>>> print(open('input-v7.tsv').read())   # TSV, C-alpha atoms
chain	number	residue	atom	x	y	z
A	1	MET	CA	0.00	0.00	0.00
A	2	GLU	CA	2.85	2.34	0.83
A	3	VAL	CA	4.46	1.88	-2.55
A	4	ILE	CA	1.25	2.96	-4.25
A	5	SER	CA	0.89	6.06	-2.09
A	6	PHE	CA	4.52	7.06	-2.62
A	7	VAL	CA	4.20	6.54	-6.36
A	8	ALA	CA	1.12	8.76	-6.42
A	9	LEU	CA	2.96	11.48	-4.50
A	10	ALA	CA	5.96	11.11	-6.80
A	11	ALA	CA	3.82	11.49	-9.92
A	12	GLY	CA	2.27	14.65	-8.51
A	13	LEU	CA	5.65	16.13	-7.58
A	14	ILE	CA	7.18	15.32	-10.97
A	15	ILE	CA	4.38	17.04	-12.85
A	16	GLY	CA	4.05	19.97	-10.43
A	17	LEU	CA	7.73	20.87	-10.10
A	18	GLY	CA	8.27	20.48	-13.82
A	19	ALA	CA	5.31	22.74	-14.51
A	20	ILE	CA	6.73	25.47	-12.24
A	21	GLY	CA	10.00	25.58	-14.15
A	22	ALA	CA	8.43	25.37	-17.61
A	23	CYS	CA	5.81	28.04	-16.93
A	24	ILE	CA	8.28	30.52	-15.42
A	25	GLY	CA	10.60	29.93	-18.37
A	26	ILE	CA	7.87	30.48	-20.96
A	27	GLY	CA	6.69	33.56	-19.06
A	28	ILE	CA	10.13	35.17	-19.09
A	29	MET	CA	10.70	34.32	-22.76
A	30	GLY	CA	7.25	35.54	-23.77
A	31	SER	CA	7.69	38.84	-21.97
A	32	LYS	CA	11.04	39.42	-23.67
A	33	TYR	CA	9.46	38.68	-27.03
A	34	LEU	CA	6.62	41.13	-26.42
A	35	GLU	CA	9.09	43.82	-25.33
A	36	SER	CA	11.26	43.37	-28.38
A	37	ALA	CA	8.19	43.22	-30.67
A	38	ALA	CA	7.05	46.54	-29.22
A	39	ARG	CA	10.50	48.00	-29.72
A	40	GLN	CA	11.02	46.69	-33.28
A	41	PRO	CA	7.72	45.62	-34.87
A	42	GLU	CA	9.37	44.78	-38.19
A	43	LEU	CA	11.17	41.82	-36.58
A	44	MET	CA	7.97	40.41	-35.09
A	45	GLY	CA	7.43	37.62	-37.65
A	46	GLU	CA	11.02	36.36	-37.58
A	47	LEU	CA	11.17	36.43	-33.81
A	48	GLN	CA	7.83	34.64	-33.56
A	49	THR	CA	9.28	31.63	-35.41
A	50	LYS	CA	12.19	31.50	-32.99
A	51	MET	CA	9.83	31.98	-30.06
A	52	PHE	CA	7.80	28.90	-31.00
A	53	LEU	CA	11.00	26.93	-31.38
A	54	LEU	CA	12.12	27.99	-27.90
A	55	ALA	CA	8.69	27.14	-26.48
A	56	GLY	CA	9.09	23.60	-27.78
A	57	LEU	CA	12.55	23.33	-26.24
A	58	ILE	CA	11.54	24.77	-22.85
A	59	ASP	CA	8.61	22.39	-22.58
A	60	ALA	CA	10.79	19.38	-23.37
A	61	ALA	CA	12.05	18.38	-19.92
A	62	PHE	CA	8.67	19.11	-18.34
A	63	ILE	CA	6.79	16.97	-20.87
A	64	ILE	CA	9.28	14.12	-20.57
A	65	GLY	CA	8.66	14.25	-16.82
A	66	THR	CA	4.89	14.31	-17.34
A	67	GLY	CA	5.12	11.28	-19.65
A	68	ILE	CA	7.10	9.35	-17.04
A	69	ALA	CA	4.73	10.41	-14.22
A	70	LEU	CA	1.66	9.34	-16.23
A	71	TRP	CA	3.40	6.03	-16.99
A	72	PHE	CA	3.90	5.51	-13.21
A	73	ALA	CA	0.29	6.44	-12.57
A	74	THR	CA	-1.20	3.98	-15.04
A	75	ALA	CA	1.14	1.04	-15.78
A	76	ASN	CA	3.11	1.20	-12.54
A	77	PRO	CA	6.40	-0.70	-12.95
A	78	PHE	CA	7.05	-0.89	-9.19
A	79	LEU	CA	4.10	-3.18	-8.53
A	80	GLY	CA	5.68	-5.95	-10.55
A	81	GLN	CA	8.84	-5.72	-8.48
A	82	ILE	CA	6.87	-6.10	-5.27
A	83	ALA	CA	5.38	-9.34	-6.54
A	84	ASN	CA	8.89	-10.67	-7.18
A	85	LEU	CA	10.28	-9.82	-3.73
A	86	PRO	CA	11.34	-12.89	-1.68
A	87	LYS	CA	8.90	-13.57	1.14
B	1	MET	CA	-7.66	-4.13	-9.86
B	2	ALA	CA	-8.97	-7.07	-11.89
B	3	ALA	CA	-12.52	-7.36	-13.16
B	4	ALA	CA	-14.20	-10.74	-13.32
B	5	SER	CA	-14.23	-12.22	-16.79
B	6	GLY	CA	-17.22	-11.10	-18.83
B	7	ASN	CA	-17.54	-7.73	-17.04
B	8	ALA	CA	-16.52	-4.40	-18.51
B	9	PRO	CA	-12.88	-3.44	-17.88
B	10	THR	CA	-12.05	-1.18	-14.96
B	11	ALA	CA	-10.55	2.25	-15.62
B	12	GLY	CA	-7.01	1.03	-15.04
B	13	GLU	CA	-7.48	-2.01	-17.25
B	14	TYR	CA	-8.88	0.13	-20.06
B	15	ILE	CA	-5.86	2.41	-19.99
B	16	ILE	CA	-3.33	-0.42	-19.72
B	17	HIS	CA	-5.04	-2.25	-22.57
B	18	HIS	CA	-4.86	0.86	-24.75
B	19	LEU	CA	-1.20	1.40	-23.93
B	20	HIS	CA	-0.07	-2.05	-25.01
B	21	HIS	CA	1.63	-2.49	-28.38
B	22	LEU	CA	0.95	-5.22	-30.93
B	23	GLN	CA	4.24	-7.03	-30.44
B	24	VAL	CA	6.09	-10.01	-31.87
B	25	GLY	CA	9.36	-11.33	-30.57
B	26	LYS	CA	10.92	-11.28	-27.13
B	27	GLY	CA	13.30	-9.02	-25.25
B	28	PHE	CA	15.57	-6.94	-27.48
B	29	TRP	CA	14.06	-8.40	-30.64
B	30	THR	CA	10.51	-7.23	-29.89
B	31	PHE	CA	8.91	-5.53	-32.88
B	32	ASN	CA	5.96	-3.19	-32.39
B	33	LEU	CA	4.06	-4.15	-35.52
B	34	ASP	CA	1.41	-1.45	-35.06
B	35	SER	CA	4.03	1.33	-34.89
B	36	ILE	CA	5.84	-0.05	-37.92
B	37	PHE	CA	2.64	-0.33	-39.94
B	38	TRP	CA	1.28	3.13	-39.11
B	39	SER	CA	4.62	4.91	-39.58
B	40	VAL	CA	5.06	3.31	-43.02
B	41	ALA	CA	1.43	4.12	-43.86
B	42	MET	CA	1.92	7.78	-42.92
B	43	GLY	CA	5.12	7.92	-44.94
B	44	VAL	CA	3.34	6.53	-47.99
B	45	LEU	CA	0.49	9.00	-47.48
B	46	GLY	CA	2.87	11.96	-47.25
B	47	CYS	CA	4.84	10.88	-50.32
B	48	TRP	CA	1.67	10.27	-52.33
B	49	PHE	CA	0.22	13.66	-51.37
B	50	LEU	CA	3.34	15.62	-52.35
B	51	TRP	CA	3.73	13.63	-55.58
B	52	SER	CA	0.10	14.17	-56.55
B	53	VAL	CA	0.54	17.94	-56.10
B	54	ALA	CA	3.92	18.05	-57.81
B	55	ARG	CA	2.83	16.31	-61.01
B	56	ARG	CA	0.08	18.88	-61.56
B	57	VAL	CA	2.24	21.93	-60.97
B	58	GLN	CA	1.35	24.86	-63.21
B	59	ALA	CA	3.10	28.18	-63.61
B	60	GLY	CA	0.98	31.32	-63.45
B	61	VAL	CA	-1.87	31.23	-60.96
B	62	PRO	CA	-1.40	28.17	-58.71
B	63	GLY	CA	-4.24	26.18	-57.21
B	64	ARG	CA	-4.71	26.19	-53.44
B	65	MET	CA	-3.08	22.79	-52.86
B	66	GLN	CA	-0.07	23.80	-54.91
B	67	ALA	CA	0.15	27.13	-53.05
B	68	ALA	CA	0.03	25.32	-49.71
B	69	VAL	CA	2.77	22.88	-50.68
B	70	GLU	CA	4.87	25.72	-52.12
B	71	PHE	CA	4.48	27.64	-48.86
B	72	LEU	CA	5.65	24.59	-46.91
B	73	VAL	CA	8.65	23.90	-49.14
B	74	GLU	CA	9.63	27.56	-49.08
B	75	MET	CA	9.40	27.69	-45.28
B	76	VAL	CA	11.67	24.66	-44.91
B	77	ASP	CA	14.05	26.02	-47.54
B	78	THR	CA	14.32	29.40	-45.76
B	79	GLN	CA	15.09	27.73	-42.45
B	80	ALA	CA	17.64	25.40	-44.07
B	81	LYS	CA	19.38	28.30	-45.83
B	82	GLY	CA	19.63	30.18	-42.55
B	83	ILE	CA	21.11	27.32	-40.58
B	84	VAL	CA	23.15	25.12	-42.93
B	85	HIS	CA	25.60	27.30	-44.80
B	86	ASN	CA	26.87	24.67	-47.24
B	87	ALA	CA	24.90	24.70	-50.51
B	88	HIS	CA	26.06	21.22	-51.51
B	89	SER	CA	24.92	19.68	-48.22
B	90	ARG	CA	21.61	21.51	-48.42
B	91	LYS	CA	20.72	19.41	-51.47
B	92	MET	CA	20.29	16.49	-49.09
B	93	VAL	CA	19.56	18.25	-45.81
B	94	ALA	CA	16.67	20.48	-46.94
B	95	PRO	CA	14.66	17.53	-48.35
B	96	LEU	CA	15.57	15.65	-45.16
B	97	ALA	CA	14.08	18.47	-43.10
B	98	LEU	CA	10.93	18.55	-45.26
B	99	THR	CA	10.54	14.76	-44.92
B	100	VAL	CA	11.03	14.91	-41.17
B	101	PHE	CA	8.48	17.70	-40.79
B	102	ILE	CA	5.73	16.21	-42.93
B	103	TRP	CA	6.22	12.62	-41.75
B	104	ILE	CA	6.26	13.50	-38.05
B	105	PHE	CA	3.29	15.85	-38.50
B	106	LEU	CA	1.25	13.05	-40.13
B	107	MET	CA	2.28	10.50	-37.50
B	108	ASN	CA	1.39	12.92	-34.71
B	109	ALA	CA	-1.92	13.73	-36.39
B	110	MET	CA	-3.03	10.12	-35.88
B	111	ASP	CA	-3.53	11.19	-32.27
B	112	LEU	CA	-6.49	13.36	-33.31
B	113	LEU	CA	-8.57	10.35	-34.32
B	114	PRO	CA	-11.02	9.15	-31.65
B	115	VAL	CA	-9.26	6.94	-29.12
B	116	ASP	CA	-11.38	3.84	-29.69
B	117	LEU	CA	-12.00	4.15	-33.44
B	118	ILE	CA	-9.22	2.04	-34.93
B	119	PRO	CA	-8.81	-0.18	-31.84
B	120	ALA	CA	-12.53	-1.01	-32.09
B	121	ILE	CA	-12.12	-2.04	-35.74
B	122	TRP	CA	-9.04	-4.09	-34.80
B	123	HIS	CA	-10.96	-5.70	-31.93
B	124	VAL	CA	-13.10	-7.35	-34.59
B	125	ALA	CA	-10.53	-7.80	-37.36
B	126	GLY	CA	-7.43	-8.71	-35.36
B	127	PRO	CA	-8.48	-11.87	-33.52
B	128	ALA	CA	-10.17	-12.97	-36.75
B	129	ILE	CA	-6.71	-13.20	-38.36
B	130	GLY	CA	-5.13	-14.60	-35.23
B	131	ALA	CA	-3.44	-11.42	-33.98
B	132	PRO	CA	-3.54	-10.17	-30.37
B	133	ASP	CA	-6.14	-7.53	-29.53
B	134	TYR	CA	-3.73	-4.61	-29.06
B	135	MET	CA	-3.43	-1.65	-31.41
B	136	ARG	CA	-1.70	1.67	-30.87
B	137	VAL	CA	-2.15	4.03	-33.76
B	138	VAL	CA	0.27	6.87	-32.90
B	139	PRO	CA	3.76	5.76	-33.98
B	140	THR	CA	5.47	8.77	-32.38
B	141	ALA	CA	4.01	7.82	-29.00
B	142	ASP	CA	6.33	4.79	-29.22
B	143	LEU	CA	9.78	5.46	-27.77
B	144	SER	CA	11.41	3.13	-30.29
B	145	VAL	CA	10.11	5.19	-33.24
B	146	THR	CA	11.18	8.58	-31.89
B	147	MET	CA	14.58	7.34	-30.79
B	148	ALA	CA	15.02	5.72	-34.21
B	149	LEU	CA	14.38	9.13	-35.81
B	150	SER	CA	16.84	10.91	-33.50
B	151	VAL	CA	19.51	8.19	-33.84
B	152	THR	CA	19.19	8.50	-37.63
B	153	VAL	CA	19.79	12.25	-37.30
B	154	LEU	CA	22.82	11.47	-35.12
B	155	LEU	CA	24.22	9.12	-37.79
B	156	ILE	CA	23.70	11.81	-40.44
B	157	CYS	CA	25.55	14.32	-38.22
B	158	ILE	CA	28.46	11.90	-37.80
B	159	TYR	CA	28.52	11.36	-41.58
B	160	TYR	CA	28.68	15.09	-42.23
B	161	ASN	CA	31.28	15.60	-39.49
B	162	ILE	CA	33.57	13.10	-41.17
B	163	LYS	CA	32.78	14.35	-44.68
B	164	ILE	CA	33.33	18.07	-44.00
B	165	LYS	CA	36.13	17.96	-41.45
B	166	GLY	CA	37.80	14.71	-42.49
B	167	GLY	CA	38.22	11.74	-40.16
B	168	GLY	CA	41.39	13.07	-38.57
B	169	GLY	CA	40.04	16.59	-38.37
B	170	TRP	CA	36.92	15.47	-36.55
B	171	VAL	CA	38.89	13.35	-34.07
B	172	HIS	CA	41.14	16.35	-33.43
B	173	GLU	CA	38.08	18.49	-32.75
B	174	LEU	CA	36.69	15.82	-30.40
B	175	ILE	CA	39.76	15.98	-28.20
B	176	SER	CA	40.46	19.70	-28.41
B	177	ALA	CA	37.07	21.43	-28.11
B	178	PRO	CA	35.58	23.03	-26.02
B	179	PHE	CA	38.29	23.50	-23.42
B	180	GLY	CA	41.41	23.91	-25.52
B	181	ALA	CA	44.05	22.00	-27.49
B	182	LYS	CA	46.28	20.99	-24.56
B	183	TRP	CA	47.09	17.30	-24.28
B	184	TYR	CA	46.05	17.09	-20.62
B	185	LEU	CA	42.57	18.50	-21.42
B	186	ALA	CA	41.90	15.79	-24.03
B	187	PRO	CA	39.93	13.41	-21.74
B	188	PHE	CA	37.73	16.28	-20.51
B	189	ASN	CA	37.11	17.52	-24.06
B	190	LEU	CA	36.25	14.02	-25.25
B	191	GLY	CA	33.97	13.48	-22.25
B	192	MET	CA	32.11	16.75	-22.86
B	193	GLN	CA	31.73	16.01	-26.57
B	194	LEU	CA	30.37	12.51	-25.93
B	195	ILE	CA	27.96	13.82	-23.30
B	196	GLU	CA	26.85	16.52	-25.74
B	197	PHE	CA	26.12	14.00	-28.53
B	198	VAL	CA	24.26	11.65	-26.20
B	199	ALA	CA	22.26	14.44	-24.56
B	200	LYS	CA	21.28	15.98	-27.90
B	201	THR	CA	20.14	12.65	-29.34
B	202	VAL	CA	18.26	11.50	-26.23
B	203	SER	CA	16.51	14.83	-25.71
B	204	HIS	CA	15.67	15.05	-29.42
B	205	GLY	CA	13.85	11.73	-29.33
B	206	MET	CA	12.35	11.93	-25.86
B	207	ARG	CA	10.88	15.40	-26.36
B	208	LEU	CA	8.70	14.12	-29.21
B	209	PHE	CA	7.88	10.90	-27.35
B	210	GLY	CA	6.93	12.69	-24.12
B	211	ASN	CA	4.62	15.13	-25.89
B	212	MET	CA	2.82	12.46	-27.89
B	213	TYR	CA	2.62	9.91	-25.06
B	214	ALA	CA	1.23	12.42	-22.57
B	215	GLY	CA	-1.22	13.74	-25.17
B	216	GLU	CA	-2.47	10.26	-26.01
B	217	LEU	CA	-2.83	9.36	-22.34
B	218	ILE	CA	-4.88	12.49	-21.63
B	219	PHE	CA	-7.14	11.63	-24.58
B	220	MET	CA	-7.65	8.19	-23.02
B	221	LEU	CA	-8.45	9.69	-19.61
B	222	ILE	CA	-10.97	12.04	-21.26
B	223	ALA	CA	-12.47	9.02	-23.04
B	224	LEU	CA	-12.86	7.36	-19.63
B	225	MET	CA	-14.94	10.36	-18.54
B	226	GLY	CA	-17.22	9.68	-21.48
B	227	GLY	CA	-17.36	6.02	-20.59
B	228	ALA	CA	-18.98	6.89	-17.24
B	229	TRP	CA	-22.26	7.63	-19.05
B	230	PHE	CA	-24.30	5.03	-17.18
B	231	THR	CA	-23.27	5.93	-13.64
B	232	SER	CA	-25.02	8.28	-11.24
B	233	ILE	CA	-22.85	11.24	-12.19
B	234	GLY	CA	-22.77	10.05	-15.78
B	235	LEU	CA	-24.48	12.93	-17.56
B	236	PRO	CA	-22.30	15.78	-16.25
B	237	LEU	CA	-19.20	13.65	-16.84
B	238	ALA	CA	-20.26	12.91	-20.40
B	239	LEU	CA	-20.88	16.60	-21.11
B	240	GLY	CA	-17.58	17.43	-19.44
B	241	HIS	CA	-15.92	14.83	-21.64
B	242	ILE	CA	-17.19	16.56	-24.79
B	243	ILE	CA	-15.93	19.96	-23.61
B	244	ALA	CA	-12.62	18.67	-22.30
B	245	GLY	CA	-12.11	16.53	-25.39
B	246	SER	CA	-12.72	19.45	-27.74
B	247	ALA	CA	-10.45	21.78	-25.79
B	248	TRP	CA	-7.65	19.25	-25.55
B	249	ALA	CA	-7.97	18.30	-29.25
B	250	ILE	CA	-7.73	21.95	-30.32
B	251	PHE	CA	-4.69	22.47	-28.09
B	252	HIS	CA	-3.20	19.25	-29.41
B	253	ILE	CA	-3.41	20.51	-33.00
B	254	LEU	CA	-0.98	23.24	-31.95
B	255	ILE	CA	1.22	20.74	-30.11
B	256	ILE	CA	1.58	18.27	-33.00
B	257	THR	CA	2.53	21.02	-35.44
B	258	LEU	CA	4.90	22.61	-32.95
B	259	GLN	CA	6.63	19.34	-32.10
B	260	ALA	CA	7.10	18.45	-35.77
B	261	PHE	CA	8.51	21.95	-36.36
B	262	VAL	CA	10.83	21.72	-33.32
B	263	PHE	CA	12.10	18.31	-34.45
B	264	MET	CA	12.79	19.67	-37.94
B	265	MET	CA	14.56	22.79	-36.64
B	266	LEU	CA	16.75	20.77	-34.29
B	267	THR	CA	17.62	18.38	-37.14
B	268	LEU	CA	18.78	21.38	-39.16
B	269	VAL	CA	20.67	22.84	-36.18
B	270	TYR	CA	22.46	19.57	-35.38
B	271	VAL	CA	23.45	18.97	-38.99
B	272	GLY	CA	24.52	22.63	-39.23
B	273	GLN	CA	26.71	22.15	-36.15
B	274	ALA	CA	28.42	19.29	-37.97
B	275	HIS	CA	29.47	21.80	-40.61
B	276	ASP	CA	30.83	24.50	-38.30
B	277	ALA	CA	34.27	24.25	-36.79
B	278	HIS	CA	34.36	25.04	-33.08
>>> encode(input="input-v7.tsv", output="structure tokens")
Amino acid sequence: MEVISFVALAAGLIIGLGAIGACIGIGIMGSKYLESAARQPELMGELQTKMFLLAGLIDAAFIIGTGIALWFATANPFLGQIANLPK
Amino acid sequence: MAAASGNAPTAGEYIIHHLHHLQVGKGFWTFNLDSIFWSVAMGVLGCWFLWSVARRVQAGVPGRMQAAVEFLVEMVDTQAKGIVHNAHSRKMVAPLALTVFIWIFLMNAMDLLPVDLIPAIWHVAGPAIGAPDYMRVVPTADLSVTMALSVTVLLICIYYNIKIKGGGGWVHELISAPFGAKWYLAPFNLGMQLIEFVAKTVSHGMRLFGNMYAGELIFMLIALMGGAWFTSIGLPLALGHIIAGSAWAIFHILIITLQAFVFMMLTLVYVGQAHDAH
């Protein structure tokens, strides 16, 4: 029972902490983009391409963590190891 | 969490059943037949679509399909010109980038089909031909497919490293960058370079996998909400499932395009790095 509760907590922490980092990062990058678009509107299109690219990169570690956490939550690999423990 | 035989699956069983691949073989030699089939099918679809537009190309006023494909090719060409500065390499790398973008976009777009549509068809057709009742339709939600794509990009980078810098030149760069050309820094340089190659390849593949796997799993969880139709809180859950499903599908359209674009840009950047001397 304890393994299940710890795995649930772990999944929540993985997703939550990852989300904090990713959202702060996107917020900072987005604000810089808006500032520079206001300063130089003619570069807006070019910078927007690079902004989307950066958004994909910033989200990467967070989404990998979310994938792993959802894998723990649904097809938990630790349960199989419990079954194999020597009595 | 097992249901008695003959009853409907529990929530956990439904999800686990939908996450299982159609596999043959054991251990290292396991082949995910569903991923192989759908990735080849999407490749054929993409090739056929581009060919069917290309053979009807007309100068003057283009049709809408031709304009769309021209826009796509021009976008990829602009990005390739900006990142890979070697015109001879671009003859291979720009079509590579276009292939990567369109193929990954089509494979990701399989995620927009309803979760149970193709698995329900397979539920009838598969056991009839003796195959197990598992079917996953999104090839890029399979770690083996995305890592295969990123490892292929790694092999192409190594090929261009050796071709542009020469075998000896590349080995010299491996042991002298980024810290300096001293003999006592060689192990640290080599270590950093190896870590850089491994990290780039792993993150390249896992970024796409994580996005598609998490997206598919959330679609399945939303489908579970719809499956609660006949319980006491069934009606609000079913309405919530329509709203949540629509919102997530619309957001996912952005995600699949963005992830295909990010994969393409990083392919160009990594191959471009193989051309630059440090």
>>> interface_residues(input="input-v7.tsv", of="chain A", to="chain B", cutoff="9 Å", atoms="only C-alpha atoms", output="count of residues only")
20
>>> atom_distance(input="input-v7.tsv", atom1="atom CA of B:Asp116", atom2="atom CA of B:Asp133")
12.5 Å
>>> closest_residue(input="input-v7.tsv", among="B:Cys157, B:Val151, B:Val44, B:Ala97", to="B:Asp276", atoms="only C-alpha atoms")
B:Cys157
>>> atom_distance(input="input-v7.tsv", atom1="atom CA of B:Phe101", atom2="atom CA of B:Phe28")
28.9 Å
>>> atom_distance(input="input-v7.tsv", atom1="atom CA of B:Thr140", atom2="atom CA of B:Met220")
16.1 Å
>>> residues_around(input="input-v7.tsv", residues="B:Thr201", least_positions_apart="4", cutoff="9 Å", atoms="all atoms listed in the file", output="number ranges by chain")
B: 147, 150-151, 153-154, 196-197, 205-206
>>> closest_residue(input="input-v7.tsv", among="A:Ala22, A:Met51, A:Ala73, A:Leu34", to="B:Leu221", atoms="only C-alpha atoms")
A:Ala73
>>> closest_residue(input="input-v7.tsv", among="B:Leu143, B:Ile158, B:Leu112, B:Ala186", to="B:Ser246", atoms="only C-alpha atoms")
B:Leu112
>>> residues_around(input="input-v7.tsv", residues="A:Phe78", least_positions_apart="3", cutoff="12 Å", atoms="only C-alpha atoms", output="list in words")
Met1, Glu2, Val3, Ile4, Ser5, Phe6, Val7, Ala8, Trp71, Phe72, Ala73, Thr74, Ala75, Gln81, Ile82, Ala83, Asn84 and Leu85 of chain A
>>> closest_residue(input="input-v7.tsv", among="A:Glu35, A:Pro86, A:Thr49, A:Gly80", to="B:Thr78", atoms="only C-alpha atoms")
A:Thr49
>>> closest_residue(input="input-v7.tsv", among="B:Leu117, B:Leu194, B:Val137, B:Ala274", to="B:Ala223", atoms="all atoms listed in the file")
B:Leu117
>>> residues_around(input="input-v7.tsv", residues="A:Ile20", least_positions_apart="4", cutoff="12 Å", atoms="all atoms listed in the file", output="ChimeraX atom specification")
/A:13-16,24-27,58-59,61-62
>>> decode(input="input-v7.tsv", residues="stretch 28-51 of chain A", atoms="N, CA and C atoms", output="tab-separated table (two decimals), in the first residue's frame")
chain	number	residue	atom	x	y	z
A	28	ILE	N	9.01	34.24	-18.87
A	28	ILE	CA	10.13	35.17	-19.09
A	28	ILE	C	10.38	35.35	-20.58
A	29	MET	N	10.41	34.22	-21.33
A	29	MET	CA	10.70	34.32	-22.76
A	29	MET	C	9.61	35.10	-23.48
A	30	GLY	N	8.35	34.83	-23.12
A	30	GLY	CA	7.25	35.54	-23.77
A	30	GLY	C	7.30	37.03	-23.50
A	31	SER	N	7.66	37.40	-22.27
A	31	SER	CA	7.69	38.84	-21.97
A	31	SER	C	8.81	39.52	-22.74
A	32	LYS	N	9.95	38.83	-22.88
A	32	LYS	CA	11.04	39.42	-23.67
A	32	LYS	C	10.63	39.59	-25.12
A	33	TYR	N	9.90	38.58	-25.64
A	33	TYR	CA	9.46	38.68	-27.03
A	33	TYR	C	8.52	39.86	-27.22
A	34	LEU	N	7.58	40.03	-26.28
A	34	LEU	CA	6.62	41.13	-26.42
A	34	LEU	C	7.34	42.48	-26.34
A	35	GLU	N	8.33	42.56	-25.43
A	35	GLU	CA	9.09	43.82	-25.33
A	35	GLU	C	9.80	44.12	-26.63
A	36	SER	N	10.49	43.09	-27.17
A	36	SER	CA	11.26	43.37	-28.38
A	36	SER	C	10.34	43.59	-29.57
A	37	ALA	N	9.13	42.95	-29.58
A	37	ALA	CA	8.19	43.22	-30.67
A	37	ALA	C	7.68	44.65	-30.60
A	38	ALA	N	7.50	45.15	-29.35
A	38	ALA	CA	7.05	46.54	-29.22
A	38	ALA	C	8.15	47.51	-29.65
A	39	ARG	N	9.39	47.11	-29.39
A	39	ARG	CA	10.50	48.00	-29.72
A	39	ARG	C	10.78	48.02	-31.21
A	40	GLN	N	10.71	46.79	-31.86
A	40	GLN	CA	11.02	46.69	-33.28
A	40	GLN	C	9.96	45.86	-33.97
A	41	PRO	N	8.81	46.42	-34.32
A	41	PRO	CA	7.72	45.62	-34.87
A	41	PRO	C	8.08	44.92	-36.17
A	42	GLU	N	9.08	45.43	-36.90
A	42	GLU	CA	9.37	44.78	-38.19
A	42	GLU	C	10.01	43.42	-38.00
A	43	LEU	N	10.56	43.12	-36.82
A	43	LEU	CA	11.17	41.82	-36.58
A	43	LEU	C	10.19	40.81	-35.99
A	44	MET	N	8.92	41.24	-35.85
A	44	MET	CA	7.97	40.41	-35.09
A	44	MET	C	7.81	39.02	-35.69
A	45	GLY	N	7.68	38.92	-37.04
A	45	GLY	CA	7.43	37.62	-37.65
A	45	GLY	C	8.60	36.67	-37.45
A	46	GLU	N	9.82	37.20	-37.69
A	46	GLU	CA	11.02	36.36	-37.58
A	46	GLU	C	11.19	35.86	-36.15
A	47	LEU	N	10.99	36.81	-35.20
A	47	LEU	CA	11.17	36.43	-33.81
A	47	LEU	C	10.09	35.45	-33.37
A	48	GLN	N	8.89	35.53	-33.99
A	48	GLN	CA	7.83	34.64	-33.56
A	48	GLN	C	8.20	33.19	-33.88
A	49	THR	N	8.83	32.98	-35.06
A	49	THR	CA	9.28	31.63	-35.41
A	49	THR	C	10.22	31.10	-34.34
A	50	LYS	N	11.22	31.94	-33.98
A	50	LYS	CA	12.19	31.50	-32.99
A	50	LYS	C	11.53	31.32	-31.63
A	51	MET	N	10.49	32.12	-31.36
A	51	MET	CA	9.83	31.98	-30.06
A	51	MET	C	9.13	30.63	-29.95
